[in-house]
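K.L.:
I am sharing start.csv, which consists of CSV, C-alpha atoms:
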```csv
chain,number,residue,atom,x,y,z
A,1,MET,CA,114.0,121.3,-60.3
A,2,LYS,CA,115.2,118.4,-62.5
A,3,PHE,CA,113.2,115.9,-60.4
A,4,ASN,CA,110.0,118.0,-60.8
A,5,GLU,CA,110.6,118.3,-64.5
A,6,CYS,CA,111.1,114.5,-64.8
A,7,ASN,CA,108.1,113.9,-62.6
A,8,LYS,CA,105.9,116.0,-64.9
A,9,ILE,CA,107.1,114.1,-68.0
A,10,VAL,CA,106.4,110.7,-66.3
A,11,ARG,CA,102.9,111.8,-65.5
A,12,ARG,CA,102.3,113.2,-69.0
A,13,VAL,CA,103.5,109.9,-70.6
A,14,ALA,CA,101.1,108.0,-68.3
A,15,PHE,CA,98.3,110.4,-69.3
A,16,GLU,CA,99.0,110.0,-73.0
A,17,LYS,CA,99.1,106.3,-72.7
A,18,ALA,CA,95.8,106.3,-70.8
A,19,ILE,CA,94.0,108.2,-73.6
A,20,ALA,CA,95.8,106.5,-76.5
A,21,VAL,CA,93.4,105.1,-79.1
A,22,ASP,CA,94.0,101.7,-80.6
A,23,ASP,CA,92.3,101.8,-84.0
A,24,THR,CA,92.9,98.0,-84.6
A,25,LYS,CA,90.7,96.9,-81.8
A,26,LYS,CA,88.0,94.3,-82.5
A,27,SER,CA,84.4,95.6,-82.3
A,28,VAL,CA,83.0,95.4,-78.8
A,29,ALA,CA,79.5,94.9,-80.2
A,30,ASP,CA,80.6,91.5,-81.6
A,31,ASP,CA,81.4,90.2,-78.1
A,32,ILE,CA,78.1,91.1,-76.5
A,33,ASN,CA,75.8,88.2,-75.8
A,34,LEU,CA,72.3,89.5,-74.8
A,35,ASP,CA,71.0,86.0,-74.3
A,36,SER,CA,73.4,85.4,-71.5
A,37,MET,CA,72.1,88.4,-69.5
A,38,THR,CA,69.5,87.5,-67.0
A,39,ILE,CA,66.8,89.9,-65.9
A,40,GLU,CA,66.3,89.4,-62.2
A,41,ASP,CA,62.8,88.7,-60.8
A,42,ASN,CA,63.0,91.7,-58.5
A,43,TYR,CA,63.7,94.2,-61.4
A,44,ILE,CA,60.7,96.6,-61.6
A,45,GLY,CA,62.2,99.2,-64.0
A,46,PRO,CA,61.4,100.0,-67.6
A,47,LYS,CA,61.2,97.0,-70.0
A,48,LEU,CA,61.6,96.9,-73.8
A,49,GLU,CA,58.5,95.4,-75.5
A,50,ASP,CA,59.6,92.5,-77.8
A,51,GLY,CA,63.0,94.1,-77.7
A,52,LYS,CA,61.7,97.5,-79.0
A,53,VAL,CA,61.5,101.0,-77.6
A,54,THR,CA,57.8,102.1,-77.3
A,55,LYS,CA,56.2,105.3,-76.1
A,56,LYS,CA,55.3,103.6,-72.8
A,57,PHE,CA,58.9,102.5,-72.4
A,58,MET,CA,60.1,106.1,-72.8
A,59,GLU,CA,57.6,107.4,-70.3
A,60,GLU,CA,58.7,104.8,-67.8
A,61,LEU,CA,62.4,105.4,-68.6
A,62,THR,CA,62.4,109.2,-68.1
A,63,SER,CA,60.4,108.8,-64.9
A,64,ALA,CA,62.8,106.1,-63.6
A,65,PHE,CA,65.8,108.2,-64.4
A,66,LYS,CA,64.2,111.2,-62.7
A,67,ASP,CA,63.8,109.2,-59.5
A,68,GLY,CA,67.5,108.1,-59.6
A,69,LYS,CA,66.8,104.6,-60.8
A,70,LYS,CA,68.7,102.6,-63.4
A,71,LEU,CA,67.8,100.8,-66.6
A,72,HIS,CA,68.6,97.1,-66.6
A,73,ARG,CA,72.0,96.4,-68.3
A,74,LYS,CA,70.4,93.9,-70.8
A,75,TYR,CA,68.0,96.6,-72.1
A,76,ALA,CA,70.8,99.2,-72.1
A,77,TYR,CA,73.0,97.0,-74.2
A,78,LYS,CA,70.1,96.2,-76.6
A,79,MET,CA,69.5,99.9,-77.1
A,80,LEU,CA,73.1,100.5,-77.8
A,81,LEU,CA,73.4,97.7,-80.4
A,82,ASP,CA,70.2,98.9,-82.1
A,83,ILE,CA,71.2,102.6,-82.2
A,84,LYS,CA,74.6,101.7,-83.6
A,85,GLU,CA,72.9,100.0,-86.5
A,86,ILE,CA,70.8,103.1,-87.2
A,87,PHE,CA,73.8,105.5,-87.1
A,88,GLN,CA,75.9,103.1,-89.1
A,89,ASN,CA,73.4,103.3,-91.9
A,90,SER,CA,73.4,107.2,-91.9
A,91,PRO,CA,75.6,109.4,-94.0
A,92,SER,CA,78.0,111.9,-92.5
A,93,LEU,CA,75.7,114.7,-93.7
A,94,VAL,CA,72.0,114.1,-93.3
A,95,TYR,CA,69.4,116.1,-95.2
A,96,ILE,CA,66.2,116.9,-93.2
A,97,ASP,CA,62.9,118.0,-94.9
A,98,VAL,CA,60.7,120.2,-92.8
A,99,PRO,CA,57.2,120.7,-94.4
A,100,PRO,CA,55.9,124.3,-94.6
A,101,ASP,CA,53.4,124.0,-91.7
A,102,SER,CA,55.7,121.9,-89.5
A,103,LYS,CA,57.7,123.0,-86.5
A,104,PHE,CA,61.3,121.9,-86.0
A,105,THR,CA,63.5,122.3,-82.8
A,106,VAL,CA,67.3,122.6,-82.6
A,107,CYS,CA,69.0,122.1,-79.2
A,108,GLY,CA,72.6,122.7,-78.3
A,109,ASP,CA,75.0,121.2,-75.7
A,110,ILE,CA,73.3,119.2,-72.9
A,111,HIS,CA,76.5,118.0,-71.1
A,112,GLY,CA,74.9,115.5,-68.8
A,113,GLN,CA,72.4,117.9,-67.3
A,114,TYR,CA,69.5,115.5,-67.3
A,115,TYR,CA,67.0,117.5,-65.3
A,116,ASP,CA,67.5,120.5,-67.6
A,117,LEU,CA,66.9,118.1,-70.6
A,118,LEU,CA,63.6,117.1,-69.1
A,119,ASN,CA,62.8,120.8,-68.7
A,120,ILE,CA,63.3,121.3,-72.4
A,121,PHE,CA,60.6,118.6,-73.0
A,122,GLU,CA,58.4,120.3,-70.4
A,123,LEU,CA,58.6,123.6,-72.2
A,124,ASN,CA,58.6,122.4,-75.8
A,125,GLY,CA,56.8,119.1,-75.7
A,126,LEU,CA,58.1,115.5,-75.9
A,127,PRO,CA,59.6,114.4,-79.2
A,128,SER,CA,57.2,112.9,-81.6
A,129,GLU,CA,56.5,112.6,-85.3
A,130,THR,CA,54.8,116.0,-85.2
A,131,ASN,CA,57.4,117.5,-82.8
A,132,PRO,CA,60.8,116.6,-84.3
A,133,TYR,CA,64.1,117.6,-82.6
A,134,LEU,CA,67.8,117.9,-83.5
A,135,PHE,CA,70.3,117.7,-80.6
A,136,ASN,CA,73.6,119.2,-81.8
A,137,GLY,CA,76.3,117.3,-80.0
A,138,ASP,CA,77.9,117.2,-76.5
A,139,PHE,CA,75.2,115.1,-74.9
A,140,VAL,CA,77.7,113.8,-72.2
A,141,ASP,CA,80.6,114.8,-70.0
A,142,ARG,CA,81.0,117.4,-67.2
A,143,GLY,CA,77.4,117.0,-65.9
A,144,SER,CA,77.1,113.8,-63.8
A,145,PHE,CA,73.8,112.5,-65.3
A,146,SER,CA,75.3,111.8,-68.7
A,147,VAL,CA,74.2,108.2,-68.7
A,148,GLU,CA,70.6,109.3,-68.2
A,149,CYS,CA,70.8,111.9,-70.9
A,150,ILE,CA,72.3,109.6,-73.5
A,151,PHE,CA,69.9,106.7,-73.0
A,152,THR,CA,66.9,109.2,-73.1
A,153,LEU,CA,68.1,110.7,-76.4
A,154,PHE,CA,69.0,107.3,-77.9
A,155,GLY,CA,65.5,106.1,-76.8
A,156,PHE,CA,63.8,108.8,-78.7
A,157,LYS,CA,66.0,108.2,-81.7
A,158,LEU,CA,64.9,104.5,-81.7
A,159,LEU,CA,61.3,105.5,-81.2
A,160,TYR,CA,61.2,108.2,-83.9
A,161,PRO,CA,64.2,107.4,-86.2
A,162,ASN,CA,63.0,109.8,-88.9
A,163,HIS,CA,61.9,112.6,-86.6
A,164,PHE,CA,64.7,112.7,-84.0
A,165,TYR,CA,68.3,113.6,-84.9
A,166,MET,CA,71.6,113.7,-83.1
A,167,SER,CA,74.9,115.1,-84.4
A,168,ARG,CA,78.4,114.4,-83.1
A,169,GLY,CA,80.1,116.9,-80.8
A,170,ASN,CA,83.7,117.1,-79.8
A,171,HIS,CA,82.7,115.4,-76.5
A,172,GLU,CA,81.5,112.3,-78.3
A,173,SER,CA,85.1,111.0,-78.4
A,174,GLU,CA,87.1,108.6,-76.4
A,175,THR,CA,89.7,111.1,-75.2
A,176,MET,CA,87.2,113.6,-73.9
A,177,ASN,CA,85.1,110.9,-72.3
A,178,GLN,CA,88.1,109.6,-70.4
A,179,MET,CA,89.0,113.1,-69.1
A,180,TYR,CA,85.6,114.8,-68.4
A,181,GLY,CA,83.6,112.1,-66.7
A,182,PHE,CA,81.4,110.1,-69.1
A,183,GLU,CA,83.7,107.0,-69.2
A,184,GLY,CA,83.9,107.0,-65.4
A,185,GLU,CA,80.2,107.4,-65.1
A,186,VAL,CA,79.4,104.5,-67.4
A,187,ARG,CA,82.0,102.3,-65.6
A,188,SER,CA,80.4,103.2,-62.3
A,189,LYS,CA,76.8,102.7,-63.4
A,190,TYR,CA,77.4,99.8,-65.8
A,191,SER,CA,80.8,98.5,-67.0
A,192,ALA,CA,84.1,99.2,-68.8
A,193,GLN,CA,82.8,97.1,-71.7
A,194,MET,CA,79.8,99.4,-72.1
A,195,ALA,CA,82.0,102.4,-72.1
A,196,GLU,CA,83.9,100.9,-75.0
A,197,LEU,CA,80.6,100.2,-76.8
A,198,PHE,CA,79.6,103.9,-76.4
A,199,THR,CA,82.9,104.9,-78.2
A,200,GLU,CA,81.9,102.7,-81.1
A,201,VAL,CA,78.4,104.1,-81.3
A,202,PHE,CA,79.7,107.7,-81.1
A,203,ASN,CA,82.0,107.1,-84.0
A,204,PHE,CA,78.9,106.7,-86.3
A,205,LEU,CA,77.1,109.8,-85.2
A,206,PRO,CA,76.5,112.1,-88.3
A,207,LEU,CA,78.7,115.1,-88.4
A,208,ALA,CA,76.2,117.6,-89.8
A,209,TYR,CA,72.6,118.1,-90.9
A,210,CYS,CA,71.1,120.3,-93.7
A,211,ILE,CA,67.5,121.5,-93.1
A,212,ASN,CA,65.5,122.1,-96.3
A,213,LYS,CA,68.9,122.5,-98.1
A,214,LYS,CA,69.1,126.0,-96.5
A,215,ILE,CA,70.4,125.7,-93.0
A,216,LEU,CA,73.6,123.7,-92.1
A,217,VAL,CA,73.8,122.5,-88.5
A,218,MET,CA,77.1,121.3,-87.0
A,219,HIS,CA,78.5,121.2,-83.5
A,220,GLY,CA,81.6,123.4,-83.9
A,221,GLY,CA,81.9,125.5,-87.1
A,222,LEU,CA,83.5,126.2,-90.4
A,223,PHE,CA,86.7,125.4,-92.2
A,224,SER,CA,90.3,126.5,-92.8
A,225,GLN,CA,89.6,126.3,-96.6
A,226,ASP,CA,87.1,128.4,-98.5
A,227,ASP,CA,86.1,125.8,-101.1
A,228,VAL,CA,84.5,123.2,-98.8
A,229,THR,CA,81.1,122.0,-100.2
A,230,LEU,CA,78.2,120.0,-98.7
A,231,GLU,CA,79.4,117.1,-100.9
A,232,ASP,CA,82.8,117.2,-99.2
A,233,ILE,CA,81.1,116.8,-95.8
A,234,GLU,CA,79.0,114.0,-97.1
A,235,LYS,CA,82.2,112.2,-98.3
A,236,THR,CA,84.0,112.6,-94.9
A,237,ASP,CA,84.8,109.3,-93.2
A,238,ARG,CA,83.6,109.7,-89.6
A,239,ASN,CA,84.0,106.2,-88.2
A,240,ARG,CA,87.1,107.1,-86.1
A,241,GLN,CA,88.3,109.4,-83.4
A,242,PRO,CA,88.4,113.0,-84.4
A,243,PRO,CA,91.6,113.9,-86.2
A,244,GLU,CA,93.6,117.1,-85.3
A,245,GLU,CA,92.9,118.8,-88.6
A,246,GLY,CA,90.6,118.7,-91.6
A,247,ILE,CA,86.9,118.8,-92.2
A,248,MET,CA,85.8,116.5,-89.4
A,249,CYS,CA,88.0,118.2,-86.9
A,250,GLU,CA,86.7,121.7,-87.8
A,251,LEU,CA,83.1,120.6,-87.8
A,252,LEU,CA,83.5,119.5,-84.2
A,253,TRP,CA,85.9,122.1,-82.8
A,254,SER,CA,85.8,125.5,-84.7
A,255,ASP,CA,84.4,128.7,-83.3
A,256,PRO,CA,83.2,132.0,-84.9
A,257,GLN,CA,85.1,135.3,-84.2
A,258,PRO,CA,83.8,138.9,-84.8
A,259,GLN,CA,86.7,140.0,-86.9
A,260,LYS,CA,87.3,139.0,-90.5
A,261,GLY,CA,89.5,136.2,-91.6
A,262,ARG,CA,90.7,133.2,-89.7
A,263,SER,CA,92.7,132.8,-86.5
A,264,PRO,CA,94.2,129.8,-84.6
A,265,SER,CA,91.8,128.4,-82.1
A,266,LYS,CA,92.2,129.2,-78.5
A,267,ARG,CA,91.2,125.6,-77.9
A,268,GLY,CA,94.3,124.4,-79.7
A,269,VAL,CA,92.1,122.4,-82.2
A,270,GLY,CA,90.1,123.7,-85.1
A,271,ILE,CA,90.0,127.4,-86.1
A,272,GLN,CA,88.3,130.6,-85.5
A,273,PHE,CA,86.4,132.0,-88.5
A,274,GLY,CA,85.1,135.5,-89.3
A,275,PRO,CA,82.0,136.9,-90.9
A,276,ASP,CA,83.6,136.9,-94.4
A,277,VAL,CA,84.3,133.2,-94.0
A,278,THR,CA,80.7,132.5,-93.1
A,279,LYS,CA,79.4,134.6,-96.0
A,280,LYS,CA,81.7,132.8,-98.5
A,281,PHE,CA,80.6,129.4,-97.3
A,282,ILE,CA,76.9,130.0,-97.3
A,283,THR,CA,77.1,131.7,-100.7
A,284,HIS,CA,79.2,128.9,-102.2
A,285,ASN,CA,76.7,126.3,-100.9
A,286,ASN,CA,73.5,128.2,-101.5
A,287,LEU,CA,72.5,128.3,-97.8
A,288,ASP,CA,70.7,130.9,-95.7
A,289,TYR,CA,72.6,130.5,-92.4
A,290,ILE,CA,74.4,128.1,-90.1
A,291,ILE,CA,73.6,126.9,-86.6
A,292,ARG,CA,76.3,125.6,-84.3
A,293,SER,CA,76.7,125.1,-80.5
A,294,HIS,CA,80.0,124.3,-78.6
A,295,GLU,CA,80.2,127.6,-76.6
A,296,VAL,CA,78.5,128.8,-73.4
A,297,LYS,CA,76.4,131.9,-74.0
A,298,ALA,CA,74.9,134.1,-71.3
A,299,GLU,CA,71.5,134.1,-72.9
A,300,GLY,CA,71.8,130.5,-74.2
A,301,TYR,CA,72.3,131.7,-77.8
A,302,GLU,CA,74.1,134.3,-79.8
A,303,VAL,CA,73.6,135.7,-83.3
A,304,MET,CA,76.7,136.7,-85.2
A,305,HIS,CA,78.1,137.4,-88.7
A,306,ASP,CA,75.1,139.5,-89.8
A,307,GLY,CA,72.6,136.9,-88.7
A,308,LYS,CA,74.3,134.1,-90.7
A,309,CYS,CA,76.0,132.3,-87.8
A,310,ILE,CA,73.8,131.3,-84.8
A,311,THR,CA,75.1,129.6,-81.6
A,312,VAL,CA,72.7,127.7,-79.4
A,313,PHE,CA,73.7,126.2,-76.0
A,314,SER,CA,71.1,124.3,-74.0
A,315,ALA,CA,72.8,123.6,-70.7
A,316,PRO,CA,71.8,126.4,-68.2
A,317,ASN,CA,74.0,127.3,-65.3
A,318,TYR,CA,76.7,125.2,-67.0
A,319,CYS,CA,78.6,123.0,-64.5
A,320,ASP,CA,76.5,124.6,-61.7
A,321,THR,CA,78.8,127.6,-61.8
A,322,MET,CA,78.3,129.7,-65.0
A,323,GLY,CA,74.9,131.3,-64.3
A,324,ASN,CA,74.0,131.3,-68.0
A,325,LYS,CA,70.6,130.6,-69.4
A,326,GLY,CA,69.9,127.7,-71.7
A,327,ALA,CA,68.2,128.0,-75.1
A,328,PHE,CA,66.7,126.1,-78.0
A,329,ILE,CA,65.6,127.3,-81.5
A,330,THR,CA,62.3,126.6,-83.1
A,331,MET,CA,61.4,127.3,-86.7
A,332,ASN,CA,58.8,126.3,-89.3
A,333,GLY,CA,59.5,124.8,-92.7
A,334,ARG,CA,57.9,127.8,-94.5
A,335,ASP,CA,60.4,130.5,-93.7
A,336,LEU,CA,63.0,128.8,-91.5
A,337,LYS,CA,63.1,131.9,-89.3
A,338,PRO,CA,64.8,131.1,-86.0
A,339,ASN,CA,62.8,131.7,-82.8
A,340,PHE,CA,64.7,131.6,-79.5
A,341,VAL,CA,63.4,130.1,-76.3
A,342,THR,CA,65.4,130.7,-73.2
A,343,TYR,CA,65.1,129.2,-69.7
A,344,SER,CA,66.9,128.9,-66.4
A,345,ALA,CA,68.4,125.8,-64.7
A,346,VAL,CA,66.1,123.6,-62.6
A,347,PRO,CA,67.1,121.8,-59.4
A,348,HIS,CA,68.9,118.5,-59.6
A,349,PRO,CA,70.0,115.8,-57.0
A,350,ASN,CA,73.1,116.7,-55.0
A,351,VAL,CA,75.7,115.2,-57.4
A,352,LYS,CA,78.3,117.7,-58.4
A,353,PRO,CA,79.4,118.1,-62.0
A,354,MET,CA,82.7,116.3,-62.9
A,355,ALA,CA,81.9,113.7,-60.1
A,356,TYR,CA,83.2,111.0,-62.4
A,357,ALA,CA,86.0,112.9,-64.1
A,358,SER,CA,89.5,111.4,-64.4
A,359,ASN,CA,92.1,112.1,-61.7
A,360,LEU,CA,94.5,112.5,-64.6
A,361,LEU,CA,93.2,116.1,-65.0
A,362,ALA,CA,95.1,117.0,-61.9
A,363,PHE,CA,98.3,116.2,-63.7
A,364,MET,CA,97.7,118.7,-66.5
```
Give the structure from the file, written as structure tokens.

P.N.:
Amino acid sequence: MKFNECNKIVRRVAFEKAIAVDDTKKSVADDINLDSMTIEDNYIGPKLEDGKVTKKFMEELTSAFKDGKKLHRKYAYKMLLDIKEIFQNSPSLVYIDVPPDSKFTVCGDIHGQYYDLLNIFELNGLPSETNPYLFNGDFVDRGSFSVECIFTLFGFKLLYPNHFYMSRGNHESETMNQMYGFEGEVRSKYSAQMAELFTEVFNFLPLAYCINKKILVMHGGLFSQDDVTLEDIEKTDRNRQPPEEGIMCELLWSDPQPQKGRSPSKRGVGIQFGPDVTKKFITHNNLDYIIRSHEVKAEGYEVMHDGKCITVFSAPNYCDTMGNKGAFITMNGRDLKPNFVTYSAVPHPNVKPMAYASNLLAFM
């Protein structure tokens, strides 16, 4: 018994060391030399035009990924360096203006389900200046096509920086990526250095979006304090790994509950918040309702708290086992009324979810 107990402790220490974050590390981006990367003569995949993402590039990229092909590492690194600069220059809370006659789409978790992501674009149209999107965190992990998902989403952000939006989820963090597959997938398809660069990029993803100053969109949910304002979110320093408490933590990790008040989260991080908490928050900040993701729902969405708290989850048949539908929300700028579109999973190549996940999970 003592041996087993000690053995568990040794494994746990090894696990904690493996996921420890060193905040003093030098930026990986500074060490990347694109000029030293050669594009081989036999490379026939998508190519950036003068170092820029174009509509043609995105068409070729999504097609190549669909066929199981890979983007050249030089172009992949260039995209990551460019997207880091865009996110670095964004605030923690971004305000979006949707004109009265314009459509806007909000999607929830994608979790590396690339072929379901393509299906969203089939159903709702490709992103464009007239068809803007917001993807609400958890783009990677669990599903084994996370690299394809993230480069597709980053590509559209580079192509339409003012009409394509991405918010940080709890899985855009180093610890989660080490455990649930994304780091392993990046190492397998590219390199350990690129995995580190992704961590730097994820640190700059905005934490929340406010649509027409009436809808707040965040990945997780609301707060342990009643007096949090939009200005408080704006002022939140996000260039770091998620802390275990406070505004940033709760934006990424919290969940709604049907009963009033607050409860400790079953996840061990963030809180659970009731309809009274939601009502106080939207009244205090002059909002109509909130949209969040973070939880699997049988129909791909759920409306709670008297219509003031909406969950949207866009990964159907999550992890190939849950049997849930996926959903996205469309609205127009005039009335901001949410319309729900649901869909089922589509076939994908025979690579199981969690194929790149850490063996350390077996120790827990």

K.L.:
Which is closer to Ala192 (chain A) than all the others in A:Pro338, A:Val28, A:Asp116, A:Ser92, using only C-alpha atoms?

P.N.:
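For Ala192 (chain A), the nearest of the given residues is A:Val28.
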
K.L.:
Write out as an MDAnalysis selection string each polymer residue whose atoms come within 9 Å of Gly155 (chain A), counting all atoms listed in the file; drop sequence neighbours fewer than 4 positions from it.

P.N.:
chainID A and resid 53:54 57:58 61 79 83 150:151 159:160

K.L.:
Please determine, counting only C-alpha atoms, which residue among A:Leu153, A:Phe223, A:Met194, A:Leu251 has the shortest atom-to-atom distance to Pro264 (chain A).

P.N.:
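Using only C-alpha atoms, the shortest distance to Pro264 (chain A) belongs to A:Phe223.
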
K.L.:
Of the residues A:Lys280, A:Lys70, A:His305, A:His111, which is the one nearest to Gln259 (chain A), using all atoms listed in the file?

P.N.:
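Under the stated criterion, the closest residue is A:His305.
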
K.L.:
Could you tell me which of A:Ile329, A:Met218, A:Leu123, A:Val341 comes closest to Phe104 (chain A) if we count all atoms listed in the file?

P.N.:
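Among the listed residues, the smallest separation from Phe104 (chain A) belongs to A:Ile329.
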
K.L.:
In Å to one decimal, how far is CA of Thr175 (chain A) from CA of Asn7 (chain A)?

P.N.:
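Interatomic distance, CA of Asn7 (chain A) to CA of Thr175 (chain A): 22.5 Å.
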
K.L.:
Could you give me, as a list in words, the residues within 12 Å of Gln241 (chain A), counting all atoms listed in the file and dropping anything in the same chain fewer than 5 positions from it?

P.N.:
Ile19, Ala20, Val21, Asp22, Asp23, Arg168, Gly169, Asn170, His171, Glu172, Ser173, Glu174, Thr175, Met176, Asn177, Thr199, Glu200, Val201, Phe202, Asn203, Phe204, Leu205, Met248, Cys249 and Leu252 of chain A

K.L.:
For a cut-off of 7 Å around (79.7, 114.8, -69.8), file coordinates, pick out all residues using only C-alpha atoms and list them as a PDB file with C-alpha atoms, in the coordinates of the input.

P.N.:
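So selection.pdb came out as:
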```pdb
ATOM      1  CA  HIS A 111      76.500 118.000 -71.100  1.00  0.00           C
ATOM      2  CA  GLY A 112      74.900 115.500 -68.800  1.00  0.00           C
ATOM      3  CA  PHE A 139      75.200 115.100 -74.900  1.00  0.00           C
ATOM      4  CA  VAL A 140      77.700 113.800 -72.200  1.00  0.00           C
ATOM      5  CA  ASP A 141      80.600 114.800 -70.000  1.00  0.00           C
ATOM      6  CA  ARG A 142      81.000 117.400 -67.200  1.00  0.00           C
ATOM      7  CA  GLY A 143      77.400 117.000 -65.900  1.00  0.00           C
ATOM      8  CA  SER A 144      77.100 113.800 -63.800  1.00  0.00           C
ATOM      9  CA  SER A 146      75.300 111.800 -68.700  1.00  0.00           C
ATOM     10  CA  TYR A 180      85.600 114.800 -68.400  1.00  0.00           C
ATOM     11  CA  GLY A 181      83.600 112.100 -66.700  1.00  0.00           C
ATOM     12  CA  PHE A 182      81.400 110.100 -69.100  1.00  0.00           C
TER      13      PHE A 182
END
```

K.L.:
Grab the CA of Val147 (chain A) to CA of Val186 (chain A) distance for me, in Å with one decimal place.

P.N.:
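Rounded to one decimal, the two atoms are 6.5 Å apart.
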
K.L.:
What's the 12 Å shell around Ile271 (chain A), counting all atoms listed in the file, without same-chain residues fewer than 4 positions away, as a ChimeraX atom specification?

P.N.:
/A:220-225,244-247,249-257,261-267,277

K.L.:
Would you put the residues from that selection into a file with C-alpha atoms, as an mmCIF file, in the coordinates of the input?

P.N.:
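What landed in selection_14.cif:
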```cif
data_model
loop_
_atom_site.group_PDB
_atom_site.id
_atom_site.type_symbol
_atom_site.label_atom_id
_atom_site.label_comp_id
_atom_site.auth_asym_id
_atom_site.auth_seq_id
_atom_site.Cartn_x
_atom_site.Cartn_y
_atom_site.Cartn_z
ATOM 1 C CA GLY A 220 81.600 123.400 -83.900
ATOM 2 C CA GLY A 221 81.900 125.500 -87.100
ATOM 3 C CA LEU A 222 83.500 126.200 -90.400
ATOM 4 C CA PHE A 223 86.700 125.400 -92.200
ATOM 5 C CA SER A 224 90.300 126.500 -92.800
ATOM 6 C CA GLN A 225 89.600 126.300 -96.600
ATOM 7 C CA GLU A 244 93.600 117.100 -85.300
ATOM 8 C CA GLU A 245 92.900 118.800 -88.600
ATOM 9 C CA GLY A 246 90.600 118.700 -91.600
ATOM 10 C CA ILE A 247 86.900 118.800 -92.200
ATOM 11 C CA CYS A 249 88.000 118.200 -86.900
ATOM 12 C CA GLU A 250 86.700 121.700 -87.800
ATOM 13 C CA LEU A 251 83.100 120.600 -87.800
ATOM 14 C CA LEU A 252 83.500 119.500 -84.200
ATOM 15 C CA TRP A 253 85.900 122.100 -82.800
ATOM 16 C CA SER A 254 85.800 125.500 -84.700
ATOM 17 C CA ASP A 255 84.400 128.700 -83.300
ATOM 18 C CA PRO A 256 83.200 132.000 -84.900
ATOM 19 C CA GLN A 257 85.100 135.300 -84.200
ATOM 20 C CA GLY A 261 89.500 136.200 -91.600
ATOM 21 C CA ARG A 262 90.700 133.200 -89.700
ATOM 22 C CA SER A 263 92.700 132.800 -86.500
ATOM 23 C CA PRO A 264 94.200 129.800 -84.600
ATOM 24 C CA SER A 265 91.800 128.400 -82.100
ATOM 25 C CA LYS A 266 92.200 129.200 -78.500
ATOM 26 C CA ARG A 267 91.200 125.600 -77.900
ATOM 27 C CA VAL A 277 84.300 133.200 -94.000
#
```

K.L.:
Might you pull out every residue within 8 Å of Ile211 (chain A), with only C-alpha atoms counted and same-chain residues fewer than 5 positions away left off, and present them as a ChimeraX atom specification?

P.N.:
/A:95-98,216-217

K.L.:
Given only C-alpha atoms as the basis, pick out the residue of A:His284, A:Lys52, A:Lys235, A:His219 nearest to Gly270 (chain A).

P.N.:
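Among the listed residues, the smallest separation from Gly270 (chain A) belongs to A:His219.
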
K.L.:
Counting only C-alpha atoms, find residues at most 10 Å from (57.4, 117.7, -92.1) (file frame) and give them as a short mmCIF file (atom, residue, chain, number, x, y, z; two decimals) with C-alpha atoms, in the frame of the given file.

P.N.:
```
data_model
loop_
_atom_site.label_atom_id
_atom_site.label_comp_id
_atom_site.auth_asym_id
_atom_site.auth_seq_id
_atom_site.Cartn_x
_atom_site.Cartn_y
_atom_site.Cartn_z
CA ILE A 96 66.20 116.90 -93.20
CA ASP A 97 62.90 118.00 -94.90
CA VAL A 98 60.70 120.20 -92.80
CA PRO A 99 57.20 120.70 -94.40
CA PRO A 100 55.90 124.30 -94.60
CA ASP A 101 53.40 124.00 -91.70
CA SER A 102 55.70 121.90 -89.50
CA LYS A 103 57.70 123.00 -86.50
CA PHE A 104 61.30 121.90 -86.00
CA GLU A 129 56.50 112.60 -85.30
CA THR A 130 54.80 116.00 -85.20
CA ASN A 131 57.40 117.50 -82.80
CA PRO A 132 60.80 116.60 -84.30
CA HIS A 163 61.90 112.60 -86.60
CA ASN A 332 58.80 126.30 -89.30
CA GLY A 333 59.50 124.80 -92.70
#
```

K.L.:
Can you work out which one of A:Asp35, A:Asn285, A:Ser358, A:Ser344 has the shortest atom-to-atom distance to Lys213 (chain A), counting all atoms listed in the file?

P.N.:
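Distance minimum relative to Lys213 (chain A) lands on A:Asn285.
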
K.L.:
One decimal, Å: what's the distance from CA of Tyr289 (chain A) over to CA of Cys210 (chain A), could you say?

P.N.:
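Interatomic distance, CA of Tyr289 (chain A) to CA of Cys210 (chain A): 10.4 Å.
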
K.L.:
List the spatial neighbours of Ser314 (chain A) as a ChimeraX atom specification - criterion: any atom at most 6 Å away, only C-alpha atoms, same-chain residues fewer than 2 positions off excluded.

P.N.:
/A:108-110,326-327
